[in-house]
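Please read the structure below before turning to the comments.
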Protein chains: 2
Amino acid sequence: MVSIKDVAELAGVSTATVSRALADPDKVVARTREKVFRAVEKSGYVANTLARNFRTRKTNMVLVLVPDITNGFFASVIQGIEWVAHQNNYRVLLGDTQYNPEGERAYAELVAQKQADGVITLGCNIPFEYRADRKTIDPNWPPFSMACEYNSQIPVPTVCIDNELAASEVIEYLSSLGHQKIAFINGPKDSPICQDRLRGYKKSMRKIGVTDTRKLVITGDFSINSGRESMQRLLGQGSRPTAVFAANDEMAMGVMAEIKAHGLKIPEDISVVGFDDIRFAEVTDPPLTTVRQPRHDIGKRVMTMMLGLLRGESTKSSRITLAHELIVRGSTAPARP
Amino acid sequence: MVSIKDVAELAGVSTATVSRALADPDKVVARTREKVFRAVEKSGYVANTLARNFRTRKTNMVLVLVPDITNGFFASVIQGIEWVAHQNNYRVLLGDTQYNPEGERAYAELVAQKQADGVITLGCNIPFEYRADRKTIDPNWPPFSMACEYNSQIPVPTVCIDNELAASEVIEYLSSLGHQKIAFINGPKDSPICQDRLRGYKKSMRKIGVTDTRKLVITGDFSINSGRESMQRLLGQGSRPTAVFAANDEMAMGVMAEIKAHGLKIPEDISVVGFDDIRFAEVTDPPLTTVRQPRHDIGKRVMTMMLGLLRGESTKSSRITLAHELIVRGSTAPARP
DNA sequence: CTGTTAGCGCGTTCAG
DNA sequence: CTGAACGCGCTAACAG
């Protein structure tokens with residue numbers, strides 16, 4: 001293993017000079033710099049990051065906690081994160097938590113152990129210990145930010161869209177097509193963004209004169225299967241909805257499959273709207289009307305935010321809301337008179 | 001920051017004893033061990049991994065190179081990898097290479113820099129420098145293995161399925177339904193597994209009497225869009241195929257969309273077969289007949305293999321072939337007489 | 001601008 | 001079974 005010492009000897013300078021020439025070339029006069037570079041070249045020296053990290057107490061790693069990496073939406077966000085991380089000499093440590101809060105906390109320990117400098121979570125839980133009545137960020141926490149989700153109690157720096165507004169817009173759009181009996185298949189209840197979507201849904205439903213939504217709202221778990229099962233329940237009830245809004249595209253796809261299995265037509269009999277605009281949304285049959293989230297941008301922005309935190313910048317007022325967009329495709333049509 | 005020294009003082013022992021008590025409790029007599037544990041508890045000590053890694057020259061990290069993390073198939077493999085890694089106190093460093101060999105090599109440098117102990121790649125390139133005429137593993141390479149893909153020249157430890165056989169079986173199945181004019185939309189030409197699939201396709205086509213497949217084979221890039229475009233080309237030609245076999249499910253989904261856009265019916269007019277069995281395959285319309293790869297298992301096995309390499313075990317005869325399965329769904333039907 | 005000196009926090013000898 | 005002493009490879013502080 002060739003070390004900095006070998007390079008120093010070869011170049012006829014001290015190890016400190018080698019270190020400087022490599023880390024901050026301007027700190028060294030051109031002639032010495034060249035000598036060092038030549039010696040590095042000749043010896044095939046590669047700095048030992050282990051030693052450097054140890055010395056500087058930095059890992060240049062960010063732990064990304066994701067509920068499920070096989071979900072294409074999350075994967076895109078991570079791709080955005082990684083892109084920015086890589087540009088800035090940071091690495092991404094992957095933590096697939098399988099929607100399990102305990103797993104999250106186990107992973108977050110890596111930070112205490114100095115295996116990562118910061119944590120980004122795509123889930124809605126805070127992966128550190130804290131008292132239930134805490135309302136602010138604990139200064140002992142490492143740099144920490146959230147994407148897609150946010151925490152309702154503690155103002156953690158966050159990047160997401162306006163979920164309430166998005167859900168509202170979906171209902172208004174459907175209502176403009178004459179729909180009134182609009183079912184909503186939501187994600188897990190403990191997720192703040194799902195609560196927001198529900199609020200947006202209810203608000204707009206009230207606006208169009210539907211106040212009792214109890215039989216129209218079902219809680220799913222974001223999986224294809226739960227979309228299917230939820231739709232089955234809706235169809236088992238007395239009068240069926242004329243439109244269904246699912247809180248993500250995977251559930252919407254399950255919904256579509258189930259509707260067809262019952263011999264009904266989309267959008268003639270039932271309109272379907274999804275959420276996320278994953279890439280399969282445009283090849284469903286019919287193509288899925290859905291809310292597009294800027295998933296790649298969400299990732300880029302949250303990593304950029306993380307870089308700020310890592311630099312020690314203030315965490316105030318760091319709640320970024322990105323624009324969403326309703327993408328109208330073929331799965332929605334006017335309600336039958 | 002509470003260090004091992006603080007614990008030692010608190011427990012009234014030396015740092016060496018603390019280290020031993022923590023790393024290998026049996027090396028220390030029960031009474032001292034207890035003293036140490038209590039001191040750890042009381043002080044809230046967490047070992048500094050940075051220092052430990054530096055000292056032991058190990059990172060407990062594995063770099064996973066993936067062509068595209070947003071591809072659900074790869075994501076599942078990674079989930080399997082991470083699962084086993086986590087169980088064995090290893091971490092996964094994510095390297096999304098965007099199908100770019102240079103990116104791969106840049107990432108693999110992390111190993112030289114001691115940021116990871118080993119590399120697993122899901123692509124078909126070897127991310128280290130080597131002479132084109134090399135036929136064996138370079139002993140200077142770090143622990144290295146491949147999943148899904150393999151290298152045709154160098155016997156890198158690998159976990160994959162028998163792609164030639166799988167493709168053969170697809171063609172035989174289609175031929176058993178009376179199809180003869182079977183198009184094949186393959187993935188990138190430089191991928192050995194795609195070459196295998198092509199070989200299997202050709203072999204079985206020959207068996208059923210079709211020797212000239214030039215107009216039936218198209219090279220795609222595994223994206224939905226390339227499935228679409230390829231299908232468009234096939235439909236633009238004189239006589240159209242009665243069945244289409246796509247080298248992955250995403251392309252198959254593009255194929256299906258395009259077929260429908262031309263007003264043709266699946267499977268009545270054209271049968272479609274995919275590859276991978278991603279989770280959306282069962283909710284396409286009609287549900288997609290496809291080859292199931294044990295993606296999760298592939299990940300688990302390759303990580304298990306990597307653990308062996310990391311332990312310094314021999315690399316001989318480590319080519320694992322896992323079982324695939326043809327999943328027949330509704331997108332295939334007998335050829336029209 | 002460059003060299004000297006001094007650790008970072010651990011694990012691992014080697015004595016005792 | 002335990003403690004003292006050392007050093008991994010690097011960077012930061014301080015002189016010169």
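By order of appearance in the structure tokens: chains A, B, ..., then residues from 1 within every chain, and ligands from 1 in the order shown.
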
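Superposing chain B on chain A by least squares over every C-alpha atom, paired in order, leaves an RMSD of 0.2 Å.
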
* Counting only C-alpha atoms (C1' of nucleotides), what is within 7 Å of region 9-16 of chain C, bar same-chain residues fewer than 5 positions away, as number ranges by chain? -> B: 51-52, 55

Using N, CA and C atoms, can you write the selected residues to a file as a short mmCIF file (atom, residue, chain, number, x, y, z; two decimals), in the first residue's frame?
data_model
loop_
_atom_site.label_atom_id
_atom_site.label_comp_id
_atom_site.auth_asym_id
_atom_site.auth_seq_id
_atom_site.Cartn_x
_atom_site.Cartn_y
_atom_site.Cartn_z
N ALA B 51 -12.88 5.43 13.44
CA ALA B 51 -11.60 5.02 14.03
C ALA B 51 -11.40 3.52 13.86
N ARG B 52 -12.46 2.78 14.11
CA ARG B 52 -12.35 1.33 14.00
C ARG B 52 -12.00 0.90 12.58
N ARG B 55 -8.50 1.65 11.74
CA ARG B 55 -7.61 0.71 12.41
C ARG B 55 -7.62 -0.68 11.76
#

* To do: Tell me, as a PyMOL selection string, which residues lie within 9 Å of DC10 (chain D), counting only C-alpha atoms (C1' of nucleotides); anything in the same chain fewer than 3 positions away does not count.
  => chain A and resi 4+15-16+19+47-49+51-56

* To do: Give as a VMD selection string every residue of chain B that touches chain A within 8 Å, counting only C-alpha atoms.
  => chain B and resid 46 to 51 53 to 54 57 59 69 to 73 75 to 76 79 82 91 to 96 112 to 115 253 to 254 257 283 to 285

Prev. selection, C-alpha atoms, output as a CSV table (one decimal), in the first residue's frame:
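The result, stored in out09.csv:
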chain,number,residue,atom,x,y,z
B,46,VAL,CA,-20.9,4.4,20.9
B,47,ALA,CA,-17.8,3.1,19.3
B,48,ASN,CA,-16.5,5.4,16.6
B,49,THR,CA,-16.7,3.4,13.4
B,50,LEU,CA,-14.4,5.8,11.7
B,51,ALA,CA,-11.6,5.0,14.0
B,53,ASN,CA,-12.5,1.1,10.2
B,54,PHE,CA,-9.2,3.0,10.0
B,57,ARG,CA,-8.8,-1.3,7.3
B,59,THR,CA,-15.4,-0.5,5.9
B,69,ILE,CA,-32.3,2.1,-9.8
B,70,THR,CA,-35.7,3.1,-11.1
B,71,ASN,CA,-36.0,-0.2,-12.9
B,72,GLY,CA,-38.2,-2.3,-10.5
B,73,PHE,CA,-36.3,-5.4,-11.4
B,75,ALA,CA,-34.5,-2.5,-7.3
B,76,SER,CA,-35.8,-5.9,-6.2
B,79,GLN,CA,-33.5,-5.2,-1.9
B,82,GLU,CA,-29.4,-5.2,1.2
B,91,ARG,CA,-23.9,-1.7,4.5
B,92,VAL,CA,-24.9,-1.0,0.9
B,93,LEU,CA,-23.4,1.9,-1.0
B,94,LEU,CA,-25.5,2.8,-4.0
B,95,GLY,CA,-24.0,3.5,-7.4
B,96,ASP,CA,-26.6,4.3,-10.0
B,112,ALA,CA,-9.3,1.7,-4.1
B,113,GLN,CA,-9.9,4.7,-1.8
B,114,LYS,CA,-11.1,2.2,0.8
B,115,GLN,CA,-14.6,3.4,0.9
B,253,MET,CA,-45.7,-3.0,-22.0
B,254,GLY,CA,-44.7,-0.5,-24.6
B,257,ALA,CA,-49.7,-0.1,-25.9
B,283,VAL,CA,-52.3,-5.9,-14.0
B,284,THR,CA,-51.6,-5.1,-17.6
B,285,ASP,CA,-54.6,-5.7,-19.9

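Set the cut-off at 12 Å, count only C-alpha atoms (C1' of nucleotides), and the residues of chain D near chain A turn out to be DC8, DG9, DC10, DT11, DA12 and DA13 of chain D.
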
Export of the given selection (N, CA and C atoms (P, O5', C5', C4', C3', O3' and C1' of nucleotides)) as a short mmCIF file (atom, residue, chain, number, x, y, z; two decimals), in the first residue's frame:
data_model
loop_
_atom_site.label_atom_id
_atom_site.label_comp_id
_atom_site.auth_asym_id
_atom_site.auth_seq_id
_atom_site.Cartn_x
_atom_site.Cartn_y
_atom_site.Cartn_z
P DC D 8 2.50 2.91 11.29
"O5'" DC D 8 1.19 2.63 10.45
"C5'" DC D 8 0.50 1.38 10.48
"C4'" DC D 8 -0.98 1.63 10.31
"C3'" DC D 8 -1.29 2.79 9.38
"O3'" DC D 8 -1.59 2.27 8.09
"C1'" DC D 8 -2.61 2.88 11.41
P DG D 9 -0.62 2.63 6.84
"O5'" DG D 9 -1.18 4.06 6.41
"C5'" DG D 9 -2.53 4.17 5.99
"C4'" DG D 9 -2.91 5.63 6.04
"C3'" DG D 9 -2.00 6.55 5.22
"O3'" DG D 9 -2.83 7.13 4.24
"C1'" DG D 9 -2.42 7.44 7.39
P DC D 10 -2.37 8.37 3.35
"O5'" DC D 10 -2.96 9.58 4.20
"C5'" DC D 10 -4.37 9.67 4.40
"C4'" DC D 10 -4.67 10.67 5.48
"C3'" DC D 10 -4.32 12.10 5.13
"O3'" DC D 10 -5.51 12.75 4.67
"C1'" DC D 10 -3.74 11.54 7.39
P DT D 11 -5.36 14.19 4.01
"O5'" DT D 11 -5.47 15.12 5.31
"C5'" DT D 11 -6.66 15.10 6.07
"C4'" DT D 11 -6.49 15.96 7.29
"C3'" DT D 11 -6.32 17.44 7.01
"O3'" DT D 11 -7.11 18.09 7.99
"C1'" DT D 11 -4.56 16.71 8.38
P DA D 12 -7.54 19.59 7.84
"O5'" DA D 12 -6.95 20.20 9.19
"C5'" DA D 12 -7.37 19.63 10.43
"C4'" DA D 12 -6.60 20.30 11.53
"C3'" DA D 12 -6.49 21.81 11.38
"O3'" DA D 12 -6.72 22.39 12.67
"C1'" DA D 12 -4.32 20.86 11.44
P DA D 13 -6.73 23.95 12.85
"O5'" DA D 13 -5.35 24.24 13.57
"C5'" DA D 13 -5.12 23.67 14.85
"C4'" DA D 13 -3.68 23.88 15.25
"C3'" DA D 13 -3.25 25.36 15.23
"O3'" DA D 13 -2.81 25.71 16.54
"C1'" DA D 13 -1.70 23.99 14.01
#

* Would you give me, as number ranges by chain, the residues of chain C that come within 9 Å of chain A, using only C-alpha atoms (C1' of nucleotides)? => C: 1-3, 8-9

* Extract the full set of strand (DSSP E or B) residues from region 90-323 of chain B according to DSSP on the backbone, and format it as a VMD selection string. => chain B and resid 91 to 96 118 to 121 144 to 147 158 to 161 182 to 186 217 to 219 243 to 246 271 to 276 289 to 292 319 to 322

* Asked: Arg240 (chain A): which residues within 12 Å, counting only C-alpha atoms (C1' of nucleotides), same-chain residues fewer than 3 positions away excluded, as an NGL selection string?
  -> :A and (180-183 or 215-216 or 231-237 or 243-244 or 259 or 264 or 269-271)

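Neighbouring residues of Arg319 (chain A) at 8 Å or closer, counting only C-alpha atoms (C1' of nucleotides) and skipping chain neighbours under 3 positions away, are Val156, Pro157, Thr158 and Val159 of chain A.
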
* To do: With a distance cut-off of 8 Å and only C-alpha atoms (C1' of nucleotides), select the neighbouring residues of region 122-136 of chain A, excluding the residue or stretch itself and same-chain residues fewer than 5 positions from it, and output the selection as a PyMOL selection string.
  => chain A and resi 64-67+74+99+101+104-105+108+141+146-151+153-155+191-192

Please write the residues from the selection above to a file, keeping N, CA and C atoms, as a short mmCIF file (atom, residue, chain, number, x, y, z; two decimals), in the first residue's frame.
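New file again.cif:
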data_model
loop_
_atom_site.label_atom_id
_atom_site.label_comp_id
_atom_site.auth_asym_id
_atom_site.auth_seq_id
_atom_site.Cartn_x
_atom_site.Cartn_y
_atom_site.Cartn_z
N VAL A 64 -29.79 7.43 3.23
CA VAL A 64 -31.14 7.68 2.71
C VAL A 64 -32.07 6.56 3.14
N LEU A 65 -33.03 6.92 3.94
CA LEU A 65 -34.00 5.95 4.44
C LEU A 65 -35.20 5.93 3.49
N VAL A 66 -35.50 4.76 2.95
CA VAL A 66 -36.61 4.67 2.01
C VAL A 66 -37.53 3.52 2.42
N PRO A 67 -38.82 3.77 2.44
CA PRO A 67 -39.76 2.74 2.88
C PRO A 67 -39.72 1.49 1.98
N PHE A 74 -40.18 6.20 -5.28
CA PHE A 74 -39.06 6.43 -4.36
C PHE A 74 -37.72 6.29 -5.08
N TYR A 99 -40.97 -0.06 5.37
CA TYR A 99 -42.07 0.59 6.11
C TYR A 99 -42.04 0.26 7.60
N PRO A 101 -40.66 1.31 11.22
CA PRO A 101 -40.03 2.38 11.98
C PRO A 101 -38.84 1.92 12.81
N GLU A 104 -35.91 1.82 10.72
CA GLU A 104 -35.42 3.18 10.49
C GLU A 104 -34.48 3.61 11.58
N ARG A 105 -34.89 3.37 12.80
CA ARG A 105 -34.05 3.82 13.91
C ARG A 105 -32.73 3.06 13.94
N ALA A 108 -30.56 4.66 11.47
CA ALA A 108 -30.13 6.00 11.83
C ALA A 108 -28.99 5.96 12.85
N TRP A 141 -29.48 16.22 17.13
CA TRP A 141 -29.66 15.40 15.94
C TRP A 141 -28.63 15.78 14.88
N MET A 146 -36.24 15.73 5.22
CA MET A 146 -37.25 14.80 4.73
C MET A 146 -37.66 15.15 3.30
N ALA A 147 -38.09 14.14 2.56
CA ALA A 147 -38.61 14.40 1.23
C ALA A 147 -39.91 13.64 1.05
N CYS A 148 -40.81 14.22 0.29
CA CYS A 148 -42.13 13.63 0.00
C CYS A 148 -43.04 13.73 1.21
N GLU A 149 -42.56 13.27 2.34
CA GLU A 149 -43.33 13.34 3.57
C GLU A 149 -42.81 14.50 4.42
N TYR A 150 -43.52 14.80 5.46
CA TYR A 150 -43.01 15.77 6.44
C TYR A 150 -43.50 15.34 7.81
N ASN A 151 -43.02 16.01 8.84
CA ASN A 151 -43.49 15.66 10.17
C ASN A 151 -44.44 16.73 10.65
N GLN A 153 -45.39 17.51 13.68
CA GLN A 153 -45.09 18.19 14.94
C GLN A 153 -43.83 19.02 14.89
N ILE A 154 -42.81 18.46 14.27
CA ILE A 154 -41.51 19.09 14.32
C ILE A 154 -41.15 19.63 12.93
N PRO A 155 -40.72 20.89 12.88
CA PRO A 155 -40.45 21.51 11.58
C PRO A 155 -39.12 21.07 10.97
N SER A 191 -49.68 8.72 7.85
CA SER A 191 -48.85 9.58 7.01
C SER A 191 -49.47 10.96 6.86
N PRO A 192 -48.72 12.00 7.26
CA PRO A 192 -49.25 13.36 7.15
C PRO A 192 -49.69 13.72 5.73
#

* Asked: Could you write out, as a ChimeraX atom specification, all the residues of region 56-226 of chain B that DSSP marks as alpha helix (DSSP H)?
  -> /B:56,72-87,101-112,163-176,192-207,224-226

Keeping only C-alpha atoms, write those residues as a compact mmCIF listing (two decimals), in the first residue's frame.
# COMPACT_ATOMS: atom_id res chain seq x y z
CA THR B 56 -8.92 -2.50 10.92
CA GLY B 72 -38.16 -2.25 -10.54
CA PHE B 73 -36.34 -5.40 -11.42
CA PHE B 74 -32.97 -4.06 -10.33
CA ALA B 75 -34.53 -2.49 -7.28
CA SER B 76 -35.76 -5.90 -6.15
CA VAL B 77 -32.35 -7.44 -6.60
CA ILE B 78 -30.88 -4.65 -4.51
CA GLN B 79 -33.47 -5.22 -1.86
CA GLY B 80 -32.32 -8.82 -1.65
CA ILE B 81 -28.70 -7.73 -1.48
CA GLU B 82 -29.41 -5.24 1.24
CA TRP B 83 -31.36 -7.72 3.25
CA VAL B 84 -28.48 -10.16 3.49
CA ALA B 85 -25.96 -7.37 3.88
CA HIS B 86 -27.82 -5.93 6.81
CA GLN B 87 -28.10 -9.30 8.51
CA PRO B 101 -19.47 2.38 -18.12
CA GLU B 102 -17.38 5.41 -17.23
CA GLY B 103 -19.63 6.11 -14.32
CA GLU B 104 -19.11 2.54 -13.24
CA ARG B 105 -15.40 2.90 -13.18
CA ALA B 106 -15.59 6.17 -11.30
CA TYR B 107 -17.65 4.47 -8.65
CA ALA B 108 -15.43 1.47 -8.44
CA GLU B 109 -12.56 3.76 -7.49
CA LEU B 110 -14.24 4.04 -4.16
CA VAL B 111 -12.83 0.65 -3.41
CA ALA B 112 -9.29 1.74 -4.15
CA ASN B 163 -31.25 -16.96 -20.25
CA GLU B 164 -30.75 -19.04 -23.35
CA LEU B 165 -32.95 -21.78 -21.98
CA ALA B 166 -35.60 -19.32 -20.87
CA ALA B 167 -35.80 -17.73 -24.31
CA SER B 168 -35.94 -21.17 -25.88
CA GLU B 169 -38.82 -22.13 -23.68
CA VAL B 170 -40.75 -19.03 -24.59
CA ILE B 171 -40.42 -19.78 -28.29
CA GLU B 172 -41.34 -23.40 -27.77
CA TYR B 173 -44.39 -22.38 -25.81
CA LEU B 174 -45.46 -19.95 -28.51
CA SER B 175 -44.82 -22.51 -31.20
CA SER B 176 -46.96 -24.99 -29.26
CA PRO B 192 -24.11 -11.25 -22.75
CA ILE B 193 -27.48 -12.24 -21.37
CA CYS B 194 -29.16 -10.57 -24.31
CA GLN B 195 -26.88 -12.51 -26.62
CA ASP B 196 -27.92 -15.65 -24.77
CA ARG B 197 -31.56 -14.85 -25.15
CA LEU B 198 -31.05 -14.21 -28.83
CA ARG B 199 -29.27 -17.53 -29.17
CA GLY B 200 -32.10 -19.34 -27.42
CA TYR B 201 -34.60 -17.57 -29.63
CA LYS B 202 -32.77 -18.43 -32.84
CA LYS B 203 -32.16 -22.01 -31.83
CA SER B 204 -35.81 -22.66 -31.16
CA MET B 205 -36.93 -20.73 -34.21
CA ARG B 206 -34.71 -22.93 -36.32
CA LYS B 207 -36.24 -25.93 -34.67
CA ILE B 224 -41.10 1.33 -22.49
CA ASN B 225 -40.50 3.67 -25.37
CA SER B 226 -38.17 1.39 -27.22
